[in-house]
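Undergrad: Quick one: this structure, given as structure tokens, is what I'll be asking you about.
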Amino acid sequence: MMELVVISGKGGTGKTSMVGSLASLSRDKVLVDCDVDAADLHLILQNKVQKTTEFIGGKQASIDEDKCTNCGICQDYCRFDAIKNESQSDNEYKERYWIDKHACDGCGVCVRHCPEDAIDFKEVVSGEWYISDTPYGPLAHARLGIAQANSGKLVSELRQQAKQLADQRGLDLILIDGPPGIGCPVIASITGVGYVLIVTEPSMSALHDMERLLKLTVHFRIPTGICINKYDINLALTARIEDFAKEQNVKILGRIPFDPTVTKAQMAGTSIIEHNDNGASNSIKKLWSNLNAEFKEKG
């Protein structure tokens with residue numbers, strides 16, 4: 001089973017549009033959207049959700065005021081400044097401790113050191129993950145709640161669900177739409193995969209972020225190729241990207257021209273491959289052919 005991850009160092013390079021196009025060209029695969037903070041692959045795949053599951057991202061502490069003696073030990077141990085001391089004076093003076101749920105990291109130190117066993121430590125629902133049907137195959141995707149952490153854990157859960165689906169249905173490919181950047185969700189998306197495709201564009205920020213991504217994939221020893229999207233909007237920067245790739249011994253697998261019909265395809269809820277048969281569409285077909293050659297070479 002091959003796992004192909006498509007990533008980009010920054011948003012807006014056309015990564016998700018590329019995954020949608022590759023989805024229409026490939027067969028016998030499971031699709032995964034690992035951009036759990038802002039998933040949008042399902043928007044162009046006409047998905048129908050078949051399964052919804054709550055995601056437990058961790059635990060959160062809360063103080064039981066009936067048990068709390070206001071000793072303040074928990075506040076002394078908290079390293080996230082999440083435990084607050086509030087004095088109230090209505091008819092009588094009363095001091096109370098409470099936990100700011102937005103600042104609590106869920107480490108559990110306060111629970112361990114509370115002498116009165118006055119702190120509850122409950123699991124928190126941080127989001128949801130879904131299994132959907134699409135015209136191109138099953139899709140695993142998710143929605144992480146606002147200001148919720150553990151996006152890397154949720155990405156790992158999605159990948160595990162995708163592998164189970166592939167095994168159950170006898171599918172040979174897992175096609176992953178990775179998150180932008182180089183942080184924890186990206187690392188969770190690429191660890192142990194068979195191949196990484198970096199989608200970049202001829203701009204200074206994209207060039208810089210592509211260089212960072214290559215350092216990441218080299219560190220994890222993952223075979224990597226590059227696709228330059230909208231390569232013809234700045235040929236000088238495209239040449240710089242190609243020179244850098246040559247220095248790093250990384251193949252340029254695709255050069256996709258700027259094509260305004262890509263946006264029209266997105267508005268129609270489909271991929272550029274199905275929308276027309278020229279321009280960017282033909283270049284993406286060539287990219288897919290080059291990717292297949294890479295898969296065979298890497299075994």
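How things are named: the first chain in the structure tokens is A, the next is B, and so on; residues count from 1 in each chain; ligands count from 1 in the order shown.
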Write out as a PyMOL selection string all residues of segment 9-233 of chain A that backbone DSSP assigns to strand (DSSP E or B).

TA: chain A and resi 29-33+48-63+83-89+93-99+119-134+137-144+173-177+195-200+224-229

Undergrad: Just checking: using only C-alpha atoms, which residue out of A:Arg143, A:Ala118, A:Ile256, A:Asn249 ends up closest to Trp288 of chain A?

TA: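 Ranking A:Arg143, A:Ala118, A:Ile256, A:Asn249 by distance to Trp288 of chain A, first place goes to A:Ile256.
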
Undergrad: Between A:Asn229, A:Gly152, A:Asp66, A:Asp28, which has the minimum distance to Arg169 of chain A (counting only C-alpha atoms)?

TA: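 Ranked by minimum distance to Arg169 of chain A, first place goes to A:Asp28.
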
Undergrad: Quick one: of A:Ile233, A:Val19, A:Ile119, A:Cys78, who's nearest to Asp105 of chain A, counting only C-alpha atoms?

TA: A:Cys78

Undergrad: With a distance cut-off of 6 Å and only C-alpha atoms, select the neighbouring residues of segment 210-223 of chain A, excluding the residue or stretch itself and same-chain residues fewer than 2 positions from it, and output the selection as JSON, numbers by chain.

TA: {"A": [9, 195, 206, 207, 208]}

Undergrad: What would the file look like if the residues just selected were written as a PDB file, in the first residue's frame with all heavy atoms?

TA:
ATOM      1  N   GLY A   9       4.326  24.517   1.936  1.00  0.00           N
ATOM      2  CA  GLY A   9       4.783  25.276   3.096  1.00  0.00           C
ATOM      3  C   GLY A   9       3.847  26.392   3.489  1.00  0.00           C
ATOM      4  O   GLY A   9       3.846  26.842   4.632  1.00  0.00           O
ATOM      5  N   TYR A 195       5.752   8.514  -0.019  1.00  0.00           N
ATOM      6  CA  TYR A 195       6.202   9.576  -0.920  1.00  0.00           C
ATOM      7  C   TYR A 195       5.538  10.898  -0.540  1.00  0.00           C
ATOM      8  O   TYR A 195       4.378  10.914  -0.103  1.00  0.00           O
ATOM      9  CB  TYR A 195       5.848   9.245  -2.375  1.00  0.00           C
ATOM     10  CG  TYR A 195       6.688   9.994  -3.392  1.00  0.00           C
ATOM     11  CD1 TYR A 195       7.902   9.474  -3.822  1.00  0.00           C
ATOM     12  CD2 TYR A 195       6.286  11.225  -3.904  1.00  0.00           C
ATOM     13  CE1 TYR A 195       8.693  10.149  -4.740  1.00  0.00           C
ATOM     14  CE2 TYR A 195       7.062  11.907  -4.821  1.00  0.00           C
ATOM     15  CZ  TYR A 195       8.274  11.365  -5.236  1.00  0.00           C
ATOM     16  OH  TYR A 195       9.057  12.048  -6.136  1.00  0.00           O
ATOM     17  N   ALA A 206       6.797  31.236  -0.899  1.00  0.00           N
ATOM     18  CA  ALA A 206       6.652  29.818  -1.229  1.00  0.00           C
ATOM     19  C   ALA A 206       8.015  29.144  -1.391  1.00  0.00           C
ATOM     20  O   ALA A 206       8.205  27.992  -0.989  1.00  0.00           O
ATOM     21  CB  ALA A 206       5.830  29.658  -2.502  1.00  0.00           C
ATOM     22  N   LEU A 207       8.968  29.864  -1.985  1.00  0.00           N
ATOM     23  CA  LEU A 207      10.322  29.322  -2.140  1.00  0.00           C
ATOM     24  C   LEU A 207      10.947  29.052  -0.778  1.00  0.00           C
ATOM     25  O   LEU A 207      11.525  27.985  -0.543  1.00  0.00           O
ATOM     26  CB  LEU A 207      11.178  30.302  -2.937  1.00  0.00           C
ATOM     27  CG  LEU A 207      12.667  29.974  -3.073  1.00  0.00           C
ATOM     28  CD1 LEU A 207      12.863  28.633  -3.765  1.00  0.00           C
ATOM     29  CD2 LEU A 207      13.396  31.083  -3.826  1.00  0.00           C
ATOM     30  N   HIS A 208      10.820  30.006   0.120  1.00  0.00           N
ATOM     31  CA  HIS A 208      11.369  29.851   1.465  1.00  0.00           C
ATOM     32  C   HIS A 208      10.739  28.657   2.184  1.00  0.00           C
ATOM     33  O   HIS A 208      11.436  27.829   2.795  1.00  0.00           O
ATOM     34  CB  HIS A 208      11.136  31.131   2.263  1.00  0.00           C
ATOM     35  CG  HIS A 208      11.458  31.020   3.721  1.00  0.00           C
ATOM     36  ND1 HIS A 208      12.749  30.904   4.195  1.00  0.00           N
ATOM     37  CD2 HIS A 208      10.651  30.985   4.817  1.00  0.00           C
ATOM     38  CE1 HIS A 208      12.724  30.813   5.522  1.00  0.00           C
ATOM     39  NE2 HIS A 208      11.475  30.858   5.916  1.00  0.00           N
TER      40      HIS A 208
END

Undergrad: From the set A:Glu123, A:Asp35, A:Asp100, A:Glu294, which residue has the shortest atom-to-atom contact distance to Ile63 of chain A, counting only C-alpha atoms?

TA: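 The answer is A:Asp100, which sits nearest to Ile63 of chain A.
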
Undergrad: Between A:Gln75, A:Ser156, A:Thr53, A:Asn85, which one has atoms that come closest to Glu128 of chain A, using only C-alpha atoms?

TA: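 Ranked by minimum distance to Glu128 of chain A, first place goes to A:Thr53.
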
Undergrad: Write out as a PyMOL selection string the residues lying within 12 Å of Val109 of chain A, counting only C-alpha atoms and excluding same-chain residues fewer than 6 positions away.

TA: chain A and resi 59-61+73-80+82-83+119-121

Undergrad: Sort by chain and increasing residue number a table of all residues of segment 2-55 of chain A within 6 Å of segment 136-140 of chain A, each with its closest pair of atoms and their distance in Å to one decimal, counting only C-alpha atoms, and write it as a Markdown table.

TA:
| residue | atom | partner | partner_atom | distance |
| --- | --- | --- | --- | --- |
| A:Val30 | CA | A:Pro138 | CA | 5.3 |
| A:Leu31 | CA | A:Leu139 | CA | 4.5 |
| A:Val32 | CA | A:Ala140 | CA | 4.7 |

Undergrad: Please indicate the distance in Å from atom CA of Phe244 of chain A to atom CA of Gly225 of chain A, rounded to one decimal place.

TA: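 So the answer is 12.4 Å.
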
Undergrad: What lies within 10 Å of Arg159 of chain A using only C-alpha atoms, ignoring chain neighbours under 3 positions off, as a list in words?

TA: Glu3, Val30, Leu31, Val32, Asp33, Cys34, Ala140, His141, Leu154, Val155, Ser156, Ala162, Lys163, Gln164, Leu165, Ile174, Ile176, Ala188 and Ser189 of chain A

Undergrad: Neighbours of Thr224 of chain A within 7 Å (only C-alpha atoms; same-chain residues fewer than 6 positions away dropped), as a ChimeraX atom specification?

TA: /A:195-197,250

Undergrad: Keeping C-alpha atoms for every residue in the selection just given, could you write it to a file as a short mmCIF file (atom, residue, chain, number, x, y, z; two decimals), in the first residue's frame?

TA:
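Writing done, so here's result-v2.cif:
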data_model
loop_
_atom_site.label_atom_id
_atom_site.label_comp_id
_atom_site.auth_asym_id
_atom_site.auth_seq_id
_atom_site.Cartn_x
_atom_site.Cartn_y
_atom_site.Cartn_z
CA TYR A 195 6.20 9.58 -0.92
CA VAL A 196 5.80 13.33 -0.44
CA LEU A 197 4.82 15.77 -3.18
CA VAL A 250 15.02 16.46 -5.96
#

Undergrad: Calculated over only C-alpha atoms, which of the candidates A:Glu65, A:Ile146, A:Thr200, A:Ala265 has the smallest distance to Ile252 of chain A?

TA: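 Of the candidates, the smallest distance to Ile252 of chain A is held by A:Thr200.
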
Undergrad: Which residues are close to Ala280 of chain A, i.e. within 7 Å by only C-alpha atoms, leaving aside same-chain residues fewer than 2 positions away? Reply as a list in words.

TA: Ile256, Pro257, Asp259, Asn278, Asn282, Ser283 and Ile284 of chain A

Undergrad: According to DSSP computed on the backbone, where in segment 176-275 of chain A is there helix (DSSP H, G or I)? Give the residues as an MDAnalysis selection string.

TA: chainID A and resid 184:190 204:219 231:233 235:247 261:267 272:275
